[in-house]
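S.K.: As input, take upload_5.txt (compact mmCIF, C-alpha atoms and all ligand atoms):
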# COMPACT_ATOMS: atom_id res chain seq x y z
CA MET A 1 -30.65 -73.32 86.93
CA ARG A 2 -28.98 -72.51 90.23
CA ILE A 3 -28.76 -69.06 91.79
CA ALA A 4 -26.94 -68.05 94.93
CA ASN A 5 -26.11 -65.10 97.15
CA LEU A 6 -22.33 -64.62 97.08
CA SER A 7 -21.18 -61.98 99.58
CA GLY A 8 -24.54 -60.22 99.15
CA ARG A 9 -24.58 -60.30 95.32
CA LEU A 10 -26.84 -62.38 93.10
CA VAL A 11 -24.91 -64.98 91.11
CA LEU A 12 -25.70 -67.86 88.78
CA ILE A 13 -23.90 -71.07 89.70
CA VAL A 14 -22.45 -72.72 86.61
CA GLY A 15 -20.58 -75.91 87.42
CA ASP A 16 -18.53 -74.96 90.46
CA ARG A 17 -18.19 -71.30 89.50
CA ALA A 18 -20.23 -68.16 90.16
CA VAL A 19 -21.30 -65.67 87.48
CA ASP A 20 -22.24 -62.20 88.72
CA VAL A 21 -25.74 -61.36 87.47
CA GLU A 22 -25.59 -57.56 87.57
CA GLN A 23 -22.30 -57.49 85.64
CA SER A 24 -23.19 -60.14 83.07
CA SER A 25 -26.62 -58.52 82.45
CA ASP A 26 -25.03 -55.04 82.07
CA GLY A 27 -27.10 -53.84 85.00
CA ARG A 28 -30.45 -55.10 83.73
CA PHE A 29 -30.84 -57.18 86.89
CA SER A 30 -29.91 -55.90 90.33
CA ALA A 31 -27.11 -57.40 92.40
CA GLU A 32 -29.58 -57.63 95.31
CA PRO A 33 -30.52 -61.34 95.62
CA GLN A 34 -34.00 -60.78 97.05
CA ALA A 35 -34.99 -58.45 94.19
CA VAL A 36 -34.78 -61.15 91.51
CA TYR A 37 -38.01 -62.86 92.59
CA GLU A 38 -40.06 -59.77 91.64
CA ARG A 39 -38.95 -60.32 88.01
CA TRP A 40 -38.55 -64.08 88.16
CA ASP A 41 -40.07 -64.99 84.76
CA GLU A 42 -38.05 -62.27 83.00
CA PHE A 43 -34.89 -63.36 84.81
CA ARG A 44 -35.36 -67.03 83.91
CA ALA A 45 -35.88 -66.16 80.26
CA TRP A 46 -32.74 -64.00 80.25
CA ALA A 47 -30.63 -66.65 82.03
CA ALA A 48 -31.75 -69.31 79.57
CA SER A 49 -30.88 -67.20 76.53
CA VAL A 50 -27.60 -65.49 77.44
CA ASP A 51 -24.05 -66.70 76.81
CA LEU A 52 -22.55 -66.56 80.27
CA PRO A 53 -18.91 -65.82 81.02
CA GLU A 54 -16.86 -68.49 82.78
CA GLY A 55 -17.37 -67.07 86.27
CA ALA A 56 -15.16 -67.19 89.33
CA ALA A 57 -14.30 -69.80 91.95
CA PHE A 58 -15.85 -69.22 95.37
CA GLU A 59 -16.01 -70.58 98.93
CA ALA A 60 -19.25 -71.89 100.47
CA VAL A 61 -18.58 -69.83 103.60
CA ASP A 62 -19.10 -66.66 101.53
CA LEU A 63 -22.63 -67.66 100.49
CA GLY A 64 -25.71 -66.10 102.08
CA SER A 65 -29.29 -67.31 101.83
CA PRO A 66 -30.55 -67.22 98.21
CA ALA A 67 -33.65 -65.50 99.66
CA PRO A 68 -32.14 -63.39 102.46
CA ALA A 69 -34.98 -60.95 103.12
CA PRO A 70 -38.38 -62.52 102.35
CA ARG A 71 -41.47 -60.54 103.32
CA GLN A 72 -42.92 -63.75 104.73
CA THR A 73 -41.33 -66.95 106.00
CA LEU A 74 -43.84 -69.70 106.65
CA ALA A 75 -42.74 -72.84 108.46
CA VAL A 76 -44.80 -75.98 108.75
CA GLY A 77 -44.80 -78.36 111.72
CA LEU A 78 -45.72 -82.05 112.04
CA ASN A 79 -45.64 -82.73 108.32
CA TYR A 80 -44.12 -86.23 108.38
CA ARG A 81 -46.08 -89.00 110.17
CA GLU A 82 -43.12 -90.47 112.09
CA HIS A 83 -42.03 -87.01 113.24
CA ALA A 84 -45.59 -86.18 114.36
CA ALA A 85 -45.58 -89.45 116.32
CA GLU A 86 -42.19 -88.79 117.98
CA SER A 87 -43.52 -85.34 118.94
CA GLY A 88 -46.54 -86.95 120.61
CA PHE A 89 -49.18 -86.14 117.98
CA GLU A 90 -51.41 -88.19 115.73
CA ALA A 91 -51.21 -87.16 112.07
CA LEU A 92 -53.58 -84.23 111.90
CA ALA A 93 -56.46 -83.48 109.55
CA GLY A 94 -56.59 -80.10 107.77
CA LEU A 95 -53.65 -77.71 107.52
CA PRO A 96 -50.65 -78.57 109.70
CA PRO A 97 -49.43 -76.08 112.35
CA VAL A 98 -47.88 -73.02 110.68
CA PHE A 99 -45.53 -70.52 112.32
CA THR A 100 -42.87 -68.09 111.15
CA LYS A 101 -39.12 -67.90 111.49
CA PHE A 102 -38.51 -64.17 111.83
CA VAL A 103 -36.36 -62.72 109.07
CA THR A 104 -33.41 -61.89 111.36
CA SER A 105 -32.90 -65.64 111.97
CA ILE A 106 -32.09 -66.31 108.29
CA SER A 107 -28.46 -67.03 107.41
CA GLY A 108 -26.29 -68.57 104.74
CA PRO A 109 -25.35 -72.24 104.47
CA VAL A 110 -22.04 -72.34 106.40
CA THR A 111 -22.20 -70.61 109.77
CA GLU A 112 -21.34 -70.61 113.44
CA VAL A 113 -24.45 -70.52 115.66
CA LYS A 114 -24.52 -69.36 119.28
CA LEU A 115 -26.50 -71.70 121.53
CA PRO A 116 -28.99 -69.79 123.73
CA ALA A 117 -28.03 -70.10 127.42
CA ASP A 118 -30.05 -72.69 129.40
CA GLY A 119 -31.71 -73.86 126.19
CA HIS A 120 -32.32 -77.19 124.52
CA THR A 121 -31.33 -76.52 120.92
CA ASP A 122 -32.52 -79.11 118.42
CA TRP A 123 -32.09 -79.84 114.71
CA GLU A 124 -34.70 -80.16 111.90
CA VAL A 125 -33.47 -80.66 108.34
CA GLU A 126 -36.12 -79.46 105.87
CA LEU A 127 -36.76 -78.86 102.21
CA VAL A 128 -37.28 -75.12 101.62
CA ALA A 129 -39.35 -73.74 98.72
CA VAL A 130 -39.02 -70.12 97.55
CA ILE A 131 -41.98 -68.51 95.78
CA GLY A 132 -41.35 -67.11 92.27
CA ARG A 133 -44.84 -65.86 91.38
CA ARG A 134 -47.52 -64.34 93.58
CA ALA A 135 -49.77 -67.23 94.65
CA GLU A 136 -53.31 -66.54 95.80
CA GLY A 137 -55.94 -69.27 95.77
CA VAL A 138 -53.63 -71.49 93.71
CA SER A 139 -54.63 -75.10 92.97
CA GLU A 140 -52.29 -78.00 93.69
CA THR A 141 -51.96 -78.61 89.96
CA ALA A 142 -50.70 -75.07 89.36
CA ALA A 143 -48.60 -74.86 92.53
CA TRP A 144 -45.16 -75.84 91.13
CA ASP A 145 -45.50 -73.02 88.54
CA HIS A 146 -45.37 -70.59 91.47
CA VAL A 147 -42.13 -71.99 92.94
CA ALA A 148 -38.86 -70.32 91.95
CA GLY A 149 -36.79 -73.14 93.39
CA LEU A 150 -35.77 -75.38 96.24
CA ALA A 151 -33.02 -75.14 98.84
CA VAL A 152 -31.86 -76.95 101.97
CA GLY A 153 -33.09 -75.47 105.25
CA GLN A 154 -32.42 -76.08 108.94
CA ASP A 155 -35.30 -75.21 111.27
CA ILE A 156 -33.05 -74.92 114.33
CA SER A 157 -35.33 -74.93 117.38
CA GLU A 158 -34.76 -74.04 121.02
CA ARG A 159 -37.30 -76.30 122.73
CA VAL A 160 -37.47 -74.58 126.13
CA ALA A 161 -38.50 -71.24 124.59
CA GLN A 162 -40.68 -73.07 122.06
CA LEU A 163 -42.69 -75.13 124.52
CA THR A 164 -42.66 -73.34 127.90
CA GLY A 165 -45.39 -70.94 128.95
CA PRO A 166 -49.17 -70.78 128.78
CA ALA A 167 -49.15 -71.39 125.00
CA PRO A 168 -46.35 -72.70 122.75
CA GLN A 169 -43.99 -70.06 121.29
CA PHE A 170 -42.96 -71.76 118.07
CA SER A 171 -41.99 -68.57 116.24
CA LEU A 172 -39.77 -67.23 119.04
CA GLY A 173 -38.16 -70.57 119.91
CA LYS A 174 -37.18 -71.00 116.25
CA SER A 175 -35.96 -67.45 115.58
CA PHE A 176 -32.74 -66.96 117.54
CA PRO A 177 -29.98 -65.42 115.35
CA GLY A 178 -28.73 -67.93 112.81
CA PHE A 179 -31.57 -70.41 113.46
CA ALA A 180 -32.73 -70.40 109.80
CA PRO A 181 -29.80 -71.32 107.55
CA VAL A 182 -30.91 -71.70 103.92
CA GLY A 183 -28.86 -72.70 100.90
CA PRO A 184 -26.34 -73.43 99.63
CA TRP A 185 -28.18 -72.15 96.54
CA LEU A 186 -31.63 -72.22 94.96
CA VAL A 187 -32.26 -74.98 92.40
CA THR A 188 -35.15 -74.55 89.96
CA PRO A 189 -37.77 -77.36 89.98
CA ASP A 190 -36.99 -78.45 86.39
CA GLU A 191 -33.52 -79.60 87.56
CA PHE A 192 -35.02 -82.55 89.46
CA ASP A 193 -36.26 -85.87 88.03
CA ASP A 194 -39.07 -85.64 90.60
CA PRO A 195 -39.15 -82.54 92.84
CA ASP A 196 -41.74 -84.32 95.02
CA ASP A 197 -39.34 -87.12 96.01
CA LEU A 198 -36.02 -85.90 97.42
CA GLU A 199 -33.94 -87.51 100.17
CA LEU A 200 -33.13 -85.38 103.25
CA ARG A 201 -30.37 -86.25 105.70
CA CYS A 202 -28.95 -84.72 108.84
CA ALA A 203 -25.83 -85.73 110.78
CA ILE A 204 -24.14 -84.52 113.96
CA ASN A 205 -20.35 -84.91 114.06
CA GLY A 206 -20.68 -87.52 111.30
CA GLU A 207 -23.41 -89.55 113.01
CA GLU A 208 -26.63 -89.72 110.99
CA VAL A 209 -29.65 -88.58 113.01
CA GLN A 210 -32.30 -87.95 110.34
CA LYS A 211 -33.03 -89.55 107.00
CA GLY A 212 -36.28 -89.15 105.10
CA ARG A 213 -37.85 -88.52 101.72
CA THR A 214 -40.13 -85.68 100.71
CA ARG A 215 -42.55 -88.16 99.11
CA ASP A 216 -43.48 -88.94 102.74
CA LEU A 217 -44.63 -85.38 103.43
CA ILE A 218 -48.21 -85.47 104.74
CA HIS A 219 -48.79 -82.19 102.85
CA SER A 220 -46.62 -82.09 99.71
CA VAL A 221 -45.12 -78.82 98.44
CA PRO A 222 -48.09 -78.34 96.03
CA ALA A 223 -50.58 -79.16 98.81
CA LEU A 224 -48.90 -76.66 101.14
CA ILE A 225 -48.96 -73.92 98.50
CA ALA A 226 -52.64 -74.62 97.79
CA GLY A 227 -53.54 -74.70 101.48
CA LEU A 228 -51.51 -71.66 102.50
CA SER A 229 -52.47 -69.56 99.47
CA ALA A 230 -56.14 -70.21 100.23
CA VAL A 231 -55.58 -68.22 103.45
CA LEU A 232 -53.04 -65.54 102.44
CA PRO A 233 -51.21 -64.49 99.28
CA LEU A 234 -47.72 -65.96 98.97
CA LEU A 235 -45.42 -63.26 97.58
CA PRO A 236 -42.41 -63.53 95.26
CA GLY A 237 -39.37 -64.36 97.36
CA ASP A 238 -41.36 -65.79 100.28
CA VAL A 239 -39.73 -68.76 101.98
CA ILE A 240 -41.54 -71.94 103.05
CA PHE A 241 -39.93 -74.45 105.43
CA THR A 242 -41.87 -77.64 104.64
CA GLY A 243 -41.37 -79.70 107.82
CA THR A 244 -38.85 -82.20 109.16
CA PRO A 245 -38.73 -86.01 109.12
CA ALA A 246 -38.27 -88.11 112.27
CA GLY A 247 -35.04 -88.14 114.27
CA VAL A 248 -34.99 -84.80 116.11
CA GLY A 249 -33.40 -84.64 119.56
CA LEU A 250 -36.70 -83.95 121.35
CA GLY A 251 -38.15 -87.26 120.19
CA ARG A 252 -35.20 -89.39 121.37
CA ASP A 253 -34.96 -91.49 124.51
CA PRO A 254 -32.96 -90.11 126.18
CA GLN A 255 -33.46 -86.70 124.59
CA ARG A 256 -30.40 -85.16 122.97
CA PHE A 257 -29.64 -81.54 122.17
CA LEU A 258 -26.83 -79.66 120.46
CA ALA A 259 -23.71 -78.86 122.49
CA PRO A 260 -20.82 -76.42 121.95
CA GLY A 261 -18.44 -77.83 119.33
CA ASP A 262 -21.08 -79.92 117.56
CA GLU A 263 -21.10 -79.78 113.78
CA LEU A 264 -24.47 -80.22 112.06
CA LEU A 265 -24.54 -81.31 108.42
CA SER A 266 -27.88 -81.08 106.58
CA THR A 267 -28.32 -82.40 103.06
CA VAL A 268 -31.05 -82.58 100.43
CA GLU A 269 -30.55 -84.79 97.38
CA GLY A 270 -29.93 -82.84 94.20
CA ILE A 271 -29.36 -79.54 96.03
CA GLY A 272 -26.40 -79.62 98.41
CA GLU A 273 -25.58 -79.17 102.08
CA LEU A 274 -25.60 -76.81 105.05
CA ARG A 275 -22.90 -76.90 107.72
CA GLN A 276 -23.45 -75.32 111.15
CA THR A 277 -21.00 -75.29 114.05
CA PHE A 278 -22.37 -74.50 117.51
CA VAL A 279 -20.71 -72.37 120.19
CA ALA A 280 -21.69 -71.46 123.76
ZN ZN A 301 -39.53 -77.57 111.41
Produce structure tokens that represent the structure in this file.
M.R.:
Amino acid sequence: MRIANLSGRLVLIVGDRAVDVEQSSDGRFSAEPQAVYERWDEFRAWAASVDLPEGAAFEAVDLGSPAPAPRQTLAVGLNYREHAAESGFEALAGLPPVFTKFVTSISGPVTEVKLPADGHTDWEVELVAVIGRRAEGVSETAAWDHVAGLAVGQDISERVAQLTGPAPQFSLGKSFPGFAPVGPWLVTPDEFDDPDDLELRCAINGEEVQKGRTRDLIHSVPALIAGLSAVLPLLPGDVIFTGTPAGVGLGRDPQRFLAPGDELLSTVEGIGELRQTFVA
């Protein structure tokens, strides 16, 4: 099953068409996309049983994040060995670094992003998991049962704000407006042959800069949910950015950052793509 946020309304994606959930459920489920995660099991059962109408054509530019207002967004750093190495770190024992992307940075899949002045704005394609059931002290074995679905994410990062100062400012450097595009829709885990092995790719103006597979995550999605939920409850609708593979601009020689006019394309196998254009 695929759900999306079309112009602020919850829709089911059927083929290449969108079915409005509030209308086709006669008001049983709200049009508000974020609200569906509170009743995720009930919603899934309804969606699996109902005869849906044909739906309407839509444009990707009208999509918002399928989880536009999570109570918590957790983002994980240094979760692929080659990316940890290019960032100057050994692969770390224990939980990886965890920060947040503040909720105002979340956007839909096709956007224009303003580059912060005097910044070094970098790209990080990531698999994003959205929580569908409250997870507290969940084991790795039970972790996938707490995931509503997966989406493509971009952890856009301004490195000067992130790394300057007496202590790193990961959360601020990664939370400028539009720095957390998520989408184009949410795909439930049962749609994948293996949700633990998906290819991620990222290209700038057609030139591939990142290519990895989620099987190379140091901490898999289940391991992250187990580790994070041992510390704090993960709530329905919470968003987890799971880390980026190698190939970011910071780790290049010479370093490279996004410039006005650049178009960033981020893809995850079996889900879809994000498209960001950058302006001064
Ligand atoms: Zn990241």
S.K.: Using all atoms listed in the file, which of the listed residues (A:Val209, A:Ile13, A:Ala280, A:Val248) sits closest to ligand ZN 301 (chain A)?
M.R.: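 Nearest candidate to ligand ZN 301 (chain A) out of A:Val209, A:Ile13, A:Ala280, A:Val248: A:Val248.
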S.K.: By how many Å are CA of Arg44 in chain A and CA of Leu127 in chain A apart?
M.R.: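 Rounded to one decimal, the two atoms are 21.8 Å apart.
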S.K.: Enumerate residues in contact with ligand ZN 301 (chain A): an atom-to-atom distance of at most 7 Å, counting only C-alpha atoms and all ligand atoms. Format the result as number ranges by chain.
M.R.: A: 75-77, 124, 126, 155, 241, 243-244
S.K.: Please measure the separation of CA of Pro116 in chain A and CA of Gly272 in chain A, giving the value in Å to one decimal.
M.R.: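 It comes out at 27.3 Å.
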S.K.: One decimal, in Å: what's the spacing between CA of Pro222 in chain A and CA of Pro195 in chain A?
M.R.: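 Between these atoms lies a distance of 10.4 Å.
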S.K.: Can you pull out every residue within 12 Å of Tyr37 in chain A, counting only C-alpha atoms, but drop anything in the same chain fewer than 2 positions away, and send it as a PyMOL selection string?
M.R.: chain A and resi 3+10+29-30+32-35+39-44+66-71+130-134+146-149+186+235-239
